[in-house]
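run_30.tsv (TSV, C-alpha atoms) appears below.
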chain	number	residue	atom	x	y	z
A	1464	MET	CA	0.00	0.00	0.00
A	1465	THR	CA	1.38	3.39	-0.95
A	1466	GLU	CA	1.76	6.22	1.52
A	1467	ALA	CA	-1.06	8.13	-0.18
A	1468	SER	CA	-3.52	5.24	-0.02
A	1469	LEU	CA	-2.50	4.45	3.54
A	1470	ASP	CA	-3.37	8.01	4.48
A	1471	GLN	CA	-6.82	7.47	3.02
A	1472	LEU	CA	-7.47	4.20	4.84
A	1473	GLY	CA	-10.44	4.33	7.17
A	1474	PRO	CA	-10.50	2.73	10.63
A	1475	VAL	CA	-10.59	-1.05	10.48
A	1476	ASP	CA	-12.88	-2.96	12.85
A	1477	TYR	CA	-13.73	-6.57	13.49
A	1478	ALA	CA	-16.72	-8.47	14.81
A	1479	VAL	CA	-17.18	-12.07	15.80
A	1480	VAL	CA	-20.82	-13.19	15.62
A	1481	GLU	CA	-21.41	-16.44	17.43
A	1482	PHE	CA	-24.21	-18.88	16.67
A	1483	PRO	CA	-24.73	-21.21	19.62
A	1484	ALA	CA	-25.36	-24.83	18.77
A	1485	GLY	CA	-28.78	-25.27	17.13
A	1486	LYS	CA	-29.56	-21.54	17.20
A	1487	SER	CA	-28.59	-20.50	13.68
A	1488	ASN	CA	-31.32	-19.43	11.28
A	1489	PHE	CA	-29.69	-18.31	8.07
A	1490	THR	CA	-32.25	-16.67	5.80
A	1491	GLY	CA	-29.88	-14.53	3.77
A	1492	GLU	CA	-30.82	-11.45	5.75
A	1493	MET	CA	-27.31	-10.96	7.10
A	1494	VAL	CA	-25.80	-11.17	3.62
A	1495	SER	CA	-28.30	-8.65	2.26
A	1496	GLU	CA	-27.56	-6.16	5.02
A	1497	LEU	CA	-23.81	-6.60	4.61
A	1498	LEU	CA	-23.96	-6.11	0.86
A	1499	ALA	CA	-26.16	-3.04	1.34
A	1500	LEU	CA	-23.44	-1.47	3.48
A	1501	VAL	CA	-20.83	-2.31	0.85
A	1502	ASP	CA	-22.95	-1.03	-2.01
A	1503	ALA	CA	-23.62	2.21	-0.15
A	1504	GLY	CA	-19.88	2.76	0.25
A	1505	THR	CA	-20.22	2.70	4.03
A	1506	ILE	CA	-17.76	-0.14	4.53
A	1507	ARG	CA	-15.30	-2.25	2.60
A	1508	VAL	CA	-15.10	-5.87	3.66
A	1509	ILE	CA	-11.47	-6.85	4.15
A	1510	ASP	CA	-11.70	-10.41	5.41
A	1511	ILE	CA	-14.20	-13.08	6.41
A	1512	LEU	CA	-13.60	-16.39	8.16
A	1513	LEU	CA	-16.01	-18.99	9.49
A	1514	LEU	CA	-15.03	-20.73	12.72
A	1515	THR	CA	-16.37	-23.79	14.50
A	1516	LYS	CA	-15.45	-24.88	18.00
A	1517	ASP	CA	-16.31	-28.43	18.96
A	1518	ALA	CA	-17.33	-29.68	22.38
A	1519	ASP	CA	-13.69	-30.27	23.29
A	1520	GLY	CA	-12.74	-26.73	22.37
A	1521	GLU	CA	-11.01	-27.70	19.15
A	1522	VAL	CA	-11.28	-24.90	16.59
A	1523	GLU	CA	-11.59	-25.23	12.87
A	1524	ALA	CA	-11.49	-22.31	10.46
A	1525	MET	CA	-12.98	-22.19	7.02
A	1526	GLU	CA	-12.38	-19.72	4.22
A	1527	LEU	CA	-15.45	-18.10	2.72
A	1528	SER	CA	-14.42	-19.61	-0.60
A	1529	ASP	CA	-14.84	-23.07	0.94
A	1530	VAL	CA	-18.55	-22.47	1.42
A	1531	GLY	CA	-20.38	-24.34	-1.31
A	1532	GLU	CA	-22.82	-21.83	-2.77
A	1533	LEU	CA	-21.85	-18.22	-2.12
A	1534	GLY	CA	-24.59	-16.59	-4.15
A	1535	GLU	CA	-24.47	-12.82	-3.74
A	1536	LEU	CA	-21.28	-13.09	-1.69
A	1537	GLN	CA	-19.31	-14.37	-4.68
A	1538	ALA	CA	-18.26	-10.92	-5.88
A	1539	LEU	CA	-17.35	-9.83	-2.38
A	1540	GLU	CA	-15.27	-12.96	-1.77
A	1541	ALA	CA	-13.15	-12.21	-4.81
A	1542	GLN	CA	-12.07	-8.91	-3.28
A	1543	LEU	CA	-11.15	-10.13	0.19
A	1544	ALA	CA	-7.67	-9.52	1.53
A	1545	GLU	CA	-6.26	-12.24	3.74
A	1546	LEU	CA	-5.56	-9.93	6.65
A	1547	LEU	CA	-6.16	-12.43	9.43
A	1548	ALA	CA	-3.37	-14.84	10.28
A	1549	GLU	CA	-3.68	-18.30	11.80
A	1550	GLU	CA	-2.63	-16.74	15.12
A	1551	ASP	CA	-5.67	-14.44	14.95
A	1552	VAL	CA	-8.00	-17.40	14.57
A	1553	VAL	CA	-6.81	-18.73	17.92
A	1554	HIS	CA	-7.28	-15.35	19.58
A	1555	LEU	CA	-10.73	-14.74	18.11
A	1556	ALA	CA	-11.95	-18.25	18.87
A	1557	ALA	CA	-11.14	-17.69	22.55
A	1558	ALA	CA	-14.46	-15.85	22.83
A	1559	MET	CA	-16.49	-18.76	21.44
A	1560	GLU	CA	-18.44	-21.30	23.43
A	1561	PRO	CA	-17.74	-24.98	22.77
A	1562	GLY	CA	-20.19	-26.36	20.21
A	1563	SER	CA	-20.75	-23.02	18.51
A	1564	THR	CA	-20.00	-21.62	15.08
A	1565	ALA	CA	-19.00	-18.04	14.37
A	1566	GLY	CA	-18.50	-15.64	11.54
A	1567	VAL	CA	-15.55	-13.27	11.69
A	1568	LEU	CA	-15.84	-10.05	9.75
A	1569	ILE	CA	-13.10	-7.48	9.22
A	1570	TRP	CA	-14.09	-4.23	7.59
A	1571	GLU	CA	-12.85	-0.78	6.80
A	1572	ASN	CA	-15.08	2.10	7.82
A	1573	LEU	CA	-15.05	3.99	4.55
A	1574	TRP	CA	-17.46	6.54	6.01
A	1575	ALA	CA	-14.77	7.65	8.46
A	1576	ALA	CA	-11.81	7.66	6.08
A	1577	ARG	CA	-12.16	11.17	4.71
A	1578	PHE	CA	-12.73	12.70	8.15
A	1579	ALA	CA	-9.75	10.81	9.60
A	1580	SER	CA	-7.63	11.95	6.68
A	1581	ALA	CA	-8.67	15.55	7.21
A	1582	ALA	CA	-7.89	15.26	10.92
A	1583	ARG	CA	-4.39	14.00	10.13
A	1584	ARG	CA	-3.79	16.75	7.58
A	1585	SER	CA	-4.86	19.23	10.26
A	1586	GLY	CA	-2.14	17.90	12.54
A	1587	GLY	CA	-4.39	15.75	14.69
A	1588	GLN	CA	-3.61	12.27	15.86
A	1589	LEU	CA	-5.95	9.64	17.21
A	1590	ILE	CA	-5.20	9.05	20.87
A	1591	ALA	CA	-8.29	7.10	21.91
A	1592	ASN	CA	-11.35	5.50	20.43
A	1593	GLY	CA	-13.80	2.80	21.37
A	1594	ARG	CA	-17.39	1.78	21.67
A	1595	ILE	CA	-19.80	2.68	24.48
A	1596	PRO	CA	-22.04	-0.29	25.35
A	1597	ILE	CA	-25.74	0.56	25.66
A	1598	GLN	CA	-25.60	-0.99	29.12
A	1599	ALA	CA	-23.12	1.69	30.16
A	1600	ILE	CA	-25.49	4.41	28.94
A	1601	ILE	CA	-28.33	2.86	30.94
A	1602	ALA	CA	-26.13	2.67	34.03
A	1603	SER	CA	-25.25	6.34	33.62
A	1604	ILE	CA	-28.93	7.34	33.25
A	1605	GLU	CA	-29.87	5.30	36.30
A	1606	ALA	CA	-27.09	6.88	38.32
A	1607	ASP	CA	-28.33	10.33	37.29
A	1608	GLU	CA	-31.88	9.42	38.26
A	1609	ALA	CA	-30.71	8.10	41.61
A	1610	LEU	CA	-28.80	11.32	42.28
A	1611	ALA	CA	-31.85	13.40	41.34
A	1612	THR	CA	-34.04	11.33	43.68
A	1613	GLU	CA	-31.61	11.86	46.49
A	1614	GLY	CA	-31.58	15.56	45.74
A	1615	VAL	CA	-27.83	15.73	45.30
B	771	MET	CA	-7.50	-25.68	10.22
B	772	PRO	CA	-7.73	-25.58	6.43
B	773	LEU	CA	-6.62	-22.00	6.13
B	774	ARG	CA	-4.89	-20.63	3.09
B	775	ALA	CA	-1.12	-20.92	3.26
B	776	ALA	CA	-0.81	-17.13	3.22
B	777	ARG	CA	-2.36	-16.98	6.70
B	778	VAL	CA	0.07	-19.39	8.29
B	779	GLY	CA	3.24	-18.27	10.04
B	780	ARG	CA	2.41	-14.57	9.94
B	781	VAL	CA	2.16	-12.21	12.87
B	782	GLY	CA	-1.50	-11.60	13.62
B	783	VAL	CA	-3.34	-8.31	13.92
B	784	ILE	CA	-5.60	-9.07	16.90
B	785	GLY	CA	-2.74	-9.48	19.34
B	786	HIS	CA	-4.44	-11.12	22.32
B	787	PRO	CA	-7.19	-13.64	23.12
B	788	VAL	CA	-10.58	-12.03	22.69
B	789	ALA	CA	-13.02	-12.05	25.61
B	790	LYS	CA	-16.68	-12.71	25.02
B	791	THR	CA	-18.80	-9.56	24.90
B	792	ALA	CA	-22.20	-10.12	26.48
B	793	VAL	CA	-23.52	-6.88	25.03
B	794	VAL	CA	-22.99	-8.05	21.48
B	795	ALA	CA	-24.46	-11.46	22.20
B	796	LYS	CA	-27.65	-9.84	23.44
B	797	ALA	CA	-27.82	-7.42	20.55
B	798	VAL	CA	-28.02	-10.19	17.97
B	799	THR	CA	-30.53	-12.34	19.85
B	800	PRO	CA	-33.76	-12.53	17.84
B	801	GLY	CA	-36.98	-11.34	19.43
B	802	PRO	CA	-37.93	-8.22	21.35
B	803	ALA	CA	-35.55	-5.28	21.63
B	804	PRO	CA	-32.58	-6.34	23.76
B	805	VAL	CA	-32.82	-3.25	25.90
B	806	ALA	CA	-35.93	-2.54	27.90
B	807	LYS	CA	-35.15	1.14	28.12
B	808	THR	CA	-34.70	1.82	24.44
B	809	ALA	CA	-36.61	5.08	24.53
B	810	VAL	CA	-34.65	6.31	27.52
B	811	VAL	CA	-31.37	5.47	25.86
B	812	ALA	CA	-32.47	7.18	22.65
B	813	ALA	CA	-33.25	10.30	24.64
B	814	ALA	CA	-29.86	10.13	26.32
B	815	VAL	CA	-28.07	10.42	23.02
B	816	THR	CA	-30.28	13.27	21.78
B	817	PRO	CA	-28.33	16.53	21.60
B	818	GLY	CA	-28.65	18.85	24.55
B	819	ARG	CA	-30.65	16.61	26.80
B	820	ARG	CA	-28.24	15.86	29.59
B	821	ARG	CA	-26.24	18.10	31.81
B	822	ARG	CA	-22.62	17.39	32.46
B	823	ARG	CA	-21.06	17.34	35.86
B	824	ILE	CA	-17.34	17.91	35.72
Go through the file and emit its structure as structure tokens.
Amino acid sequence: MTEASLDQLGPVDYAVVEFPAGKSNFTGEMVSELLALVDAGTIRVIDILLLTKDADGEVEAMELSDVGELGELQALEAQLAELLAEEDVVHLAAAMEPGSTAGVLIWENLWAARFASAARRSGGQLIANGRIPIQAIIASIEADEALATEGV
Amino acid sequence: MPLRAARVGRVGVIGHPVAKTAVVAKAVTPGPAPVAKTAVVAAAVTPGRRRRRI
């Protein structure tokens, strides 16, 4: 990757979506929503892996290309970069329950790339970022309400 | 693990074992909204609603 294109790279995130044993219900809805995000230019999918963890905790990883019929995902699969290493599979699978399957998705937040680029050109540097769980927002609201009740 | 050869022997990008996130697990569970106080949370992220104590 050139210096110019690296400067234009948006933040890269990952998600591991676990499907407990017997709980999966694949209707194609997830694929449709993912492709909608790609088509809208919101994200670029960088990598996808499918993991299974057996009852003994043994993990097996599968490439998306190893899935029999990809359908609408075919075009997306052709553009994947193999960012994840075998070592990452072990780390990501640590979150999985025995007997479950999981999809690992790595994506670039294209929507944030231009802003991040502008921030860097303005001399800024990212020193912290993260996600605020909804539970934390609820806890904050409840704490506020408790303080108001107590008249503090 | 039948991974492509290009993934083997490289330094990873995750860096450490990942812990399970209960929040995410709830968010993808089918059925009613995972959070009972959805409206309250929505209000909390509406501009200008809350006062800050610093």
Contact set, chain A to chain B: 7 Å, only C-alpha atoms, as a PyMOL selection string: chain A and resi 1523-1526+1545+1547-1551+1554-1555+1557-1558+1596+1600-1601
Would you mind exporting C-alpha atoms of the selected residues as a short mmCIF file (atom, residue, chain, number, x, y, z; two decimals), in the coordinates of the input?
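result_29.cif written:
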data_model
loop_
_atom_site.label_atom_id
_atom_site.label_comp_id
_atom_site.auth_asym_id
_atom_site.auth_seq_id
_atom_site.Cartn_x
_atom_site.Cartn_y
_atom_site.Cartn_z
CA GLU A 1523 -11.59 -25.23 12.87
CA ALA A 1524 -11.49 -22.31 10.46
CA MET A 1525 -12.98 -22.19 7.02
CA GLU A 1526 -12.38 -19.72 4.22
CA GLU A 1545 -6.26 -12.24 3.74
CA LEU A 1547 -6.16 -12.43 9.43
CA ALA A 1548 -3.37 -14.84 10.28
CA GLU A 1549 -3.68 -18.30 11.80
CA GLU A 1550 -2.63 -16.74 15.12
CA ASP A 1551 -5.67 -14.44 14.95
CA HIS A 1554 -7.28 -15.35 19.58
CA LEU A 1555 -10.73 -14.74 18.11
CA ALA A 1557 -11.14 -17.69 22.55
CA ALA A 1558 -14.46 -15.85 22.83
CA PRO A 1596 -22.04 -0.29 25.35
CA ILE A 1600 -25.49 4.41 28.94
CA ILE A 1601 -28.33 2.86 30.94
#
Interatomic distance, atom CA of A:Leu1498 to atom CA of A:Leu1536 (Å, one decimal):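 We find that atom CA of A:Leu1498 and atom CA of A:Leu1536 lie 7.9 Å from each other.
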Residue contacts of stretch 1482-1488 of chain A (9 Å, only C-alpha atoms) excluding same-chain residues fewer than 3 positions away, as a list in words: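 My list of contacting residues is Met1559, Glu1560, Pro1561, Gly1562, Ser1563, Thr1564, Ala1565 and Gly1566 of chain A.
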Okay, now the selection with C-alpha atoms, as a PDB file, in the frame of the given file?
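Result went into result.pdb, see below:
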ATOM      1  CA  MET A1559     -16.490 -18.760  21.440  1.00  0.00           C
ATOM      2  CA  GLU A1560     -18.440 -21.300  23.430  1.00  0.00           C
ATOM      3  CA  PRO A1561     -17.740 -24.980  22.770  1.00  0.00           C
ATOM      4  CA  GLY A1562     -20.190 -26.360  20.210  1.00  0.00           C
ATOM      5  CA  SER A1563     -20.750 -23.020  18.510  1.00  0.00           C
ATOM      6  CA  THR A1564     -20.000 -21.620  15.080  1.00  0.00           C
ATOM      7  CA  ALA A1565     -19.000 -18.040  14.370  1.00  0.00           C
ATOM      8  CA  GLY A1566     -18.500 -15.640  11.540  1.00  0.00           C
TER       9      GLY A1566
END
Computed interatomic separation between atom CA of A:Val1480 and atom CA of A:Gly1534 (Å):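 About the pair atom CA of A:Val1480 and atom CA of A:Gly1534: they are 20.4 Å apart.
With atom CA of A:Thr1490 on one side and atom CA of A:Trp1574 on the other, the separation reads 27.5 Å.
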Contact residues around A:Asn1592 with all atoms listed in the file at 12 Å, ignoring same-chain residues under 6 positions, as a PyMOL selection string: chain A and resi 1474-1476
Shortest interatomic distance to A:Ala1579 - which of A:Thr1515, A:Gln1537, A:Ser1495, A:Gln1471, counting only C-alpha atoms: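 Using only C-alpha atoms, A:Ala1579 sits closest to A:Gln1471.
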Edge lengths and centre in Å to one decimal, as JSON, is what I'm after for the box along x, y and z that holds all listed atoms of stretch 1494-1503 of chain A once 3 Å is added on each side.
{"center_x": -24.6, "center_y": -4.5, "center_z": 1.5, "size_x": 13.5, "size_y": 19.4, "size_z": 13.0}
Neighbours of point (-20.3, -1.1, -0.1) within 12 Å, using only C-alpha atoms, written as a list in words: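 Result, sorted by chain then residue number: Ser1495, Glu1496, Leu1497, Leu1498, Ala1499, Leu1500, Val1501, Asp1502, Ala1503, Gly1504, Thr1505, Ile1506, Arg1507, Val1508, Ile1509, Ala1538, Leu1539, Gln1542, Trp1570, Glu1571, Asn1572, Leu1573 and Trp1574 of chain A.
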